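Below is one structure; the comments refer to it alone.
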Amino acid sequence: MWDPMTSGLEAFLVASAIGFALRSYFGKPKLPHGVQYAPGPTPLPVLGNALAVDASAPWVTYKQWGSQYGDLVYFRLFGQDNIVINSEKIARDLLETRSQNYSDRPEIVTNQLFGADYNTAFMRYNSRWRLQRKMLHQSFRQDAVISFRPMQAAKTHELLLNLLEDPAGYVKHLEVHSGSIIMAAVYSYEASRRNDYLIGLVKETLDVVLKELRPEIAAIFGAFPFLLRLPAWFPGMRLKRVAPLARRLGVETVEQPFAHTEKGLATGTVSPCMVADHLQEIDDDDNDSAWQKKALKESAATAYGAGTETTAGVLMNFVLAMILYPEIQEKAHDLIEKVVGTKRLPTFEDRASLTYIDAIFRECLRWRPMFPLAIMHAAVESDVYNGHYIPKGVTITPNVWAMCQNEEKYPNPDTFNPDRFLNPDGTLTNDTVSIAWGFGRRICPGRYLAEGSLWSAMTCILAVYKFSNAKDETGKEIEIEPKWHGGITMRPVDFPCSITPRNAGMDFQALQDLIKVSV
């Protein structure tokens, strides 16, 4: 039966698609003399190359294109210009050496729908971003994060206790550990070891946002923003049905922990942290004080969300690698026992003598980078690189996964091998896998805090526990078939494992005693 409402909508969509295709075709800028677009796959009308991209792992598709077309690949998604970079050298040439032109972000229309437009990481390159970036840099620069080491060590010790009490719940313990560190550093908030409300809030927020705001979804709505005007009940508009929840969670994530620090600052019950330090510097009589306070709220919430997801994901990859490569786990444990002994836990003072643990940490970053496509950049102005035209506003995607799979730099890249980061004399190479943290002015400002948290957790876990395959009811080992979630981040799908103390006599009291002598 003919439905005028449905038929009218269908006609509107078809007409819009045709108009979009014509505008994309005839509106394409004329290239300057002597240059051309980078090579790439032939696009289809309207859709561009969307059907050729594996939405669950686009980094794999982009690497395959790199093998065919070169390390700089031009393609189109729904009429939008895109360039993917598969080479570390090209990424550094453009995103670092020419960072003044490549520090912008593409407009992501779904961020405002979800109330995530406050996020510093996705913000356009403007004065608002520069103020937030400045605040983050001041709080988490390399020399500043040293003051957080006692707190990081204390949180690592809490993680050890949680793993002893409830080894089967290791995934949530890693998430709580990651969240509690960033909450302490940003808000001077002391999270409970179990079932903390604010830690649960950020996890719920991240679950919603990372599930719904996948890059391929953002690309569709970016190309056809009129779709956002469709009602929430319309088929395919799940995004709009979930958006009210996301916005509510977003507001709570920004406001509630900030209010905790404000209250603590007024009563003198907070320790030095990002929010408290900057609040004390804001002059309420200054005309810009409201603007500065808003920037502080937003940058703090950004650090809170990004730090939690990144640290927990890397630790999940670490646990997986230790099970899949038990010889590496044993080598690391033996080294820790040789350097530290068994009467105390490792501390940051031991780090210079435990270079193999740093090598494991670097290999965790490389083996499965948490942000396989980093976060997209955008060109402020048109540019030319090696004879290839880069149009103004083009979305530029650094394929970090492909760079980490570079067989010339990392032989047998699918193999987890920390030795690739060690010189013959056992010292660390100069390769810190900095590409895992981003590029240029957009590099992760919290990387130094995260590095310290990850090193502390990995080292102490290796000192106390042994990871192995879980067993079924018959006593047979359960083989792990590693799988990773797709999306903005690449995190392992949860897997069963056995976590047992190295010391058979280790109980809760014994572990507490070990912690006391290690502080």
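Scheme for the structure tokens: letters A, B, ... for chains in order shown; per-chain residue numbers from 1; ligand numbers from 1 in order shown.
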
For the interface of region 70-180 of chain A with region 467-481 of chain A (cut-off 12 Å, counting only C-alpha atoms), please tabulate each contacting residue of region 70-180 of chain A alongside its nearest pair of atoms and their separation in Å to one decimal, rows sorted by chain and increasing number, as a Markdown table.
| residue | atom | partner | partner_atom | distance |
| --- | --- | --- | --- | --- |
| A:Leu163 | CA | A:Phe467 | CA | 11.3 |
| A:Pro167 | CA | A:Phe467 | CA | 10.3 |
| A:Ala168 | CA | A:Ala470 | CA | 9.8 |
| A:Tyr170 | CA | A:Phe467 | CA | 11.1 |

Would you save the residues of that selection, restricted to N, CA and C atoms, as a PDB file, in the first residue's frame?
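Heads up, here's the output in part24.pdb:
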ATOM      1  N   LEU A 163      43.256  -8.349  42.670  1.00  0.00           N
ATOM      2  CA  LEU A 163      43.530  -9.557  41.886  1.00  0.00           C
ATOM      3  C   LEU A 163      43.642 -10.784  42.788  1.00  0.00           C
ATOM      4  N   PRO A 167      40.416 -12.965  41.385  1.00  0.00           N
ATOM      5  CA  PRO A 167      41.166 -13.044  40.121  1.00  0.00           C
ATOM      6  C   PRO A 167      40.271 -13.149  38.890  1.00  0.00           C
ATOM      7  N   ALA A 168      39.097 -13.756  39.026  1.00  0.00           N
ATOM      8  CA  ALA A 168      38.206 -13.903  37.872  1.00  0.00           C
ATOM      9  C   ALA A 168      37.679 -12.558  37.391  1.00  0.00           C
ATOM     10  N   TYR A 170      39.335  -9.876  36.856  1.00  0.00           N
ATOM     11  CA  TYR A 170      40.520  -9.073  36.539  1.00  0.00           C
ATOM     12  C   TYR A 170      40.220  -7.908  35.586  1.00  0.00           C
TER      13      TYR A 170
END

Lys331 (chain A) surroundings by only C-alpha atoms, 12 Å radius, close-in-sequence under 6 positions cut, as a list in words: Met322, Tyr325, Glu337, Lys338, Leu354, Tyr356, Ile357, Ile360, Pro418, Asp419, Leu462, Ala463 and Lys466 of chain A

Those residues you just picked out, can you put them in a file as a PDB file, in the first residue's frame with C-alpha atoms?
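What follows is the written file selection23.pdb:
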ATOM      1  CA  MET A 322      51.900 -12.816  28.966  1.00  0.00           C
ATOM      2  CA  TYR A 325      54.124 -15.905  25.394  1.00  0.00           C
ATOM      3  CA  GLU A 337      63.371 -11.417  41.382  1.00  0.00           C
ATOM      4  CA  LYS A 338      67.076 -11.035  40.657  1.00  0.00           C
ATOM      5  CA  LEU A 354      64.580  -3.360  34.779  1.00  0.00           C
ATOM      6  CA  TYR A 356      63.319  -5.588  29.980  1.00  0.00           C
ATOM      7  CA  ILE A 357      60.045  -4.472  31.593  1.00  0.00           C
ATOM      8  CA  ILE A 360      57.646  -5.290  27.310  1.00  0.00           C
ATOM      9  CA  PRO A 418      60.244  -7.160  23.547  1.00  0.00           C
ATOM     10  CA  ASP A 419      63.839  -7.847  22.469  1.00  0.00           C
ATOM     11  CA  LEU A 462      54.839  -9.770  37.154  1.00  0.00           C
ATOM     12  CA  ALA A 463      56.541  -9.832  40.568  1.00  0.00           C
ATOM     13  CA  LYS A 466      51.601 -15.850  37.206  1.00  0.00           C
TER      14      LYS A 466
END

Got a sec: who's within 12 Å of Phe148 (chain A), counting only C-alpha atoms, leaving out chain neighbours fewer than 2 positions off, as a ChimeraX atom specification? /A:139-146,150-155,181-186,188,271-274,348,448-453,456

Which residues in region 248-493 of chain A does DSSP call strand (DSSP E or B)? List them as a list in words.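 Filtering region 248-493 of chain A down to strand (DSSP E or B) leaves His377, Ala378, Asp383, Val384, Tyr385, His388, Tyr389, Ile390, Thr395, Ile396, Thr397, Pro398, Leu422, Leu428, Tyr465, Lys466, Phe467, Ser468, Asn469, Lys471, Glu477, Trp484 and Pro492 of chain A.
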
Selection export as a short mmCIF file (atom, residue, chain, number, x, y, z; two decimals), in the first residue's frame, atoms kept: C-alpha atoms:
data_model
loop_
_atom_site.label_atom_id
_atom_site.label_comp_id
_atom_site.auth_asym_id
_atom_site.auth_seq_id
_atom_site.Cartn_x
_atom_site.Cartn_y
_atom_site.Cartn_z
CA HIS A 377 43.59 15.23 11.57
CA ALA A 378 42.40 17.81 9.02
CA ASP A 383 49.22 21.70 0.54
CA VAL A 384 51.49 19.68 -1.74
CA TYR A 385 53.65 16.78 -0.57
CA HIS A 388 50.63 15.06 -4.36
CA TYR A 389 47.88 17.59 -3.77
CA ILE A 390 46.32 17.70 -0.30
CA THR A 395 40.46 14.31 6.63
CA ILE A 396 43.87 12.77 7.28
CA THR A 397 44.08 9.42 9.04
CA PRO A 398 47.44 8.17 10.34
CA LEU A 422 66.85 -3.72 23.38
CA LEU A 428 66.90 0.34 25.56
CA TYR A 465 51.41 -13.26 39.94
CA LYS A 466 51.60 -15.85 37.21
CA PHE A 467 49.18 -15.66 34.28
CA SER A 468 48.17 -18.80 32.42
CA ASN A 469 45.29 -20.36 30.49
CA LYS A 471 40.95 -24.61 32.71
CA GLU A 477 43.33 -25.76 29.38
CA TRP A 484 39.94 -7.38 19.43
CA PRO A 492 40.99 -7.30 23.43
#

Quick one: everything within 6 Å of Val73 (chain A), counting only C-alpha atoms, minus sequence neighbours fewer than 4 positions away in the same chain. Send it as a PyMOL selection string. chain A and resi 38-40+83-84

So that I can see what lies close to Ala436 (chain A), please list as a CSV table (one decimal) with N, CA and C atoms, in the first residue's frame the residues with an atom at most 12 Å from it, counting only C-alpha atoms and leaving out residues fewer than 2 positions away in the same chain.
chain,number,residue,atom,x,y,z
A,88,GLU,N,55.3,6.0,8.8
A,88,GLU,CA,55.7,6.9,9.9
A,88,GLU,C,56.5,8.1,9.4
A,310,THR,N,42.5,4.1,27.7
A,310,THR,CA,43.8,3.8,27.2
A,310,THR,C,44.6,2.9,28.1
A,314,VAL,N,45.6,-1.1,27.4
A,314,VAL,CA,47.0,-1.6,27.3
A,314,VAL,C,47.3,-2.7,28.3
A,361,PHE,N,56.7,-3.2,27.9
A,361,PHE,CA,55.7,-2.1,27.9
A,361,PHE,C,55.7,-1.5,26.4
A,362,ARG,N,56.8,-1.2,25.9
A,362,ARG,CA,56.9,-0.7,24.5
A,362,ARG,C,56.3,-1.6,23.5
A,363,GLU,N,56.5,-2.9,23.7
A,363,GLU,CA,56.0,-3.9,22.7
A,363,GLU,C,54.5,-4.0,22.9
A,364,CYS,N,54.0,-3.8,24.1
A,364,CYS,CA,52.5,-3.7,24.2
A,364,CYS,C,51.9,-2.6,23.4
A,365,LEU,N,52.6,-1.4,23.4
A,365,LEU,CA,52.1,-0.3,22.7
A,365,LEU,C,52.1,-0.6,21.2
A,366,ARG,N,53.2,-1.3,20.7
A,366,ARG,CA,53.4,-1.6,19.3
A,366,ARG,C,52.5,-2.7,18.8
A,367,TRP,N,52.5,-3.8,19.5
A,367,TRP,CA,51.9,-5.1,19.1
A,367,TRP,C,50.4,-4.8,18.7
A,368,ARG,N,49.7,-4.2,19.5
A,368,ARG,CA,48.3,-3.8,19.2
A,368,ARG,C,48.0,-2.4,19.7
A,369,PRO,N,48.3,-1.4,18.9
A,369,PRO,CA,48.1,0.0,19.4
A,369,PRO,C,46.7,0.3,19.7
A,370,MET,N,46.5,0.9,20.9
A,370,MET,CA,45.2,1.2,21.4
A,370,MET,C,44.3,2.0,20.4
A,371,PHE,N,45.0,3.0,19.8
A,371,PHE,CA,44.3,3.8,18.8
A,371,PHE,C,44.9,3.5,17.4
A,372,PRO,N,44.4,2.5,16.8
A,372,PRO,CA,45.1,2.0,15.5
A,372,PRO,C,45.1,3.0,14.4
A,373,LEU,N,44.1,4.0,14.4
A,373,LEU,CA,44.1,5.0,13.4
A,373,LEU,C,44.3,6.4,14.1
A,374,ALA,N,44.9,6.4,15.3
A,374,ALA,CA,45.1,7.6,16.0
A,374,ALA,C,43.8,8.3,16.2
A,375,ILE,N,43.8,9.6,16.1
A,375,ILE,CA,42.5,10.4,15.9
A,375,ILE,C,42.7,11.3,14.7
A,398,PRO,N,46.2,8.9,10.2
A,398,PRO,CA,47.4,8.2,10.3
A,398,PRO,C,47.2,6.7,10.7
A,399,ASN,N,47.6,5.8,9.9
A,399,ASN,CA,47.4,4.4,10.1
A,399,ASN,C,48.5,3.9,11.1
A,400,VAL,N,48.3,4.1,12.3
A,400,VAL,CA,49.3,3.7,13.3
A,400,VAL,C,49.5,2.2,13.3
A,401,TRP,N,48.5,1.5,13.1
A,401,TRP,CA,48.6,0.0,13.1
A,401,TRP,C,49.5,-0.4,12.0
A,402,ALA,N,49.4,0.2,10.8
A,402,ALA,CA,50.3,-0.2,9.7
A,402,ALA,C,51.7,0.2,10.0
A,403,MET,N,51.9,1.3,10.6
A,403,MET,CA,53.3,1.8,11.0
A,403,MET,C,53.9,0.8,12.0
A,404,CYS,N,53.1,0.3,12.9
A,404,CYS,CA,53.6,-0.7,13.9
A,404,CYS,C,53.7,-2.1,13.3
A,431,ASP,N,63.8,3.9,20.2
A,431,ASP,CA,62.4,3.8,19.8
A,431,ASP,C,61.5,3.6,20.9
A,432,THR,N,60.7,4.7,21.2
A,432,THR,CA,59.8,4.7,22.4
A,432,THR,C,58.4,4.4,21.9
A,433,VAL,N,58.2,4.1,20.6
A,433,VAL,CA,56.8,3.9,20.0
A,433,VAL,C,56.0,5.1,20.3
A,434,SER,N,56.5,6.3,20.1
A,434,SER,CA,55.8,7.5,20.4
A,434,SER,C,54.6,7.7,19.5
A,438,GLY,N,50.1,9.5,19.3
A,438,GLY,CA,49.6,10.5,18.4
A,438,GLY,C,50.8,11.3,17.8
A,439,PHE,N,50.5,12.5,17.2
A,439,PHE,CA,51.5,13.2,16.4
A,439,PHE,C,51.4,14.7,16.7
A,442,ARG,N,49.0,17.4,18.5
A,442,ARG,CA,47.9,16.6,19.0
A,442,ARG,C,48.3,15.4,19.7
A,443,ILE,N,49.6,15.2,20.0
A,443,ILE,CA,50.0,14.1,20.8
A,443,ILE,C,49.4,14.1,22.1
A,444,CYS,N,49.2,12.9,22.7
A,444,CYS,CA,48.4,12.8,24.0
A,444,CYS,C,49.2,13.5,25.1
A,447,ARG,N,50.5,11.3,28.2
A,447,ARG,CA,51.3,10.1,28.0
A,447,ARG,C,52.3,9.8,29.1
A,451,GLU,N,52.4,6.3,31.1
A,451,GLU,CA,53.6,5.4,31.0
A,451,GLU,C,54.0,5.0,32.4
A,489,THR,N,39.1,2.6,19.5
A,489,THR,CA,40.1,1.9,20.2
A,489,THR,C,40.1,0.4,19.8
A,490,MET,N,41.3,-0.2,20.0
A,490,MET,CA,41.4,-1.7,19.7
A,490,MET,C,41.8,-2.4,21.0

One decimal, in Å: what's the spacing between CA of Asn162 (chain A) and CA of Arg194 (chain A)?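 Spanning CA of Asn162 (chain A) to CA of Arg194 (chain A) is a straight-line distance of 8.4 Å.
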
Between A:Gly305, A:Gly393, A:Pro257, A:Pro58, single out the one closest to Gln80 (chain A), counting only C-alpha atoms.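 Ranking A:Gly305, A:Gly393, A:Pro257, A:Pro58 by distance to Gln80 (chain A), first place goes to A:Gly393.
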
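Neighbouring residues of region 339-346 of chain A at 7 Å or closer, counting only C-alpha atoms and skipping chain neighbours under 3 positions away, are Leu335, Ile336, Asp350, Thr459, Cys460, Leu514, Ile515, Val517 and Ser518 of chain A.
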
Limited to C-alpha atoms, could you put the picked residues into a file as a short mmCIF file (atom, residue, chain, number, x, y, z; two decimals), in the first residue's frame?
data_model
loop_
_atom_site.label_atom_id
_atom_site.label_comp_id
_atom_site.auth_asym_id
_atom_site.auth_seq_id
_atom_site.Cartn_x
_atom_site.Cartn_y
_atom_site.Cartn_z
CA LEU A 335 64.76 -10.50 36.23
CA ILE A 336 62.54 -8.79 38.79
CA ASP A 350 64.21 0.03 40.29
CA THR A 459 56.20 -4.70 37.03
CA CYS A 460 54.36 -5.38 40.28
CA LEU A 514 54.68 -7.04 51.49
CA ILE A 515 53.08 -3.77 50.44
CA VAL A 517 57.64 -2.82 53.51
CA SER A 518 57.63 -1.58 49.90
#

Show which residues sit within 6 Å of Val394 (chain A), as an NGL selection string. Count only C-alpha atoms, and ignore same-chain residues fewer than 6 positions away. :A and (81-82 or 378-379)

Atomic separation - CA of Asp358 (chain A) relative to CA of Ile499 (chain A), Å: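 According to the coordinates, CA of Ile499 (chain A) and CA of Asp358 (chain A) are separated by 21.9 Å.
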
Distance of CA of Leu213 (chain A) from CA of Gln100 (chain A), expressed in Å to one decimal place: 27.5 Å

What residues in region 253-420 of chain A get the DSSP label helix (DSSP H, G or I)? Please answer as an MDAnalysis selection string. chainID A and resid 253:267 274:281 289:324 326:340 348:353 355:367 400:404 418:420
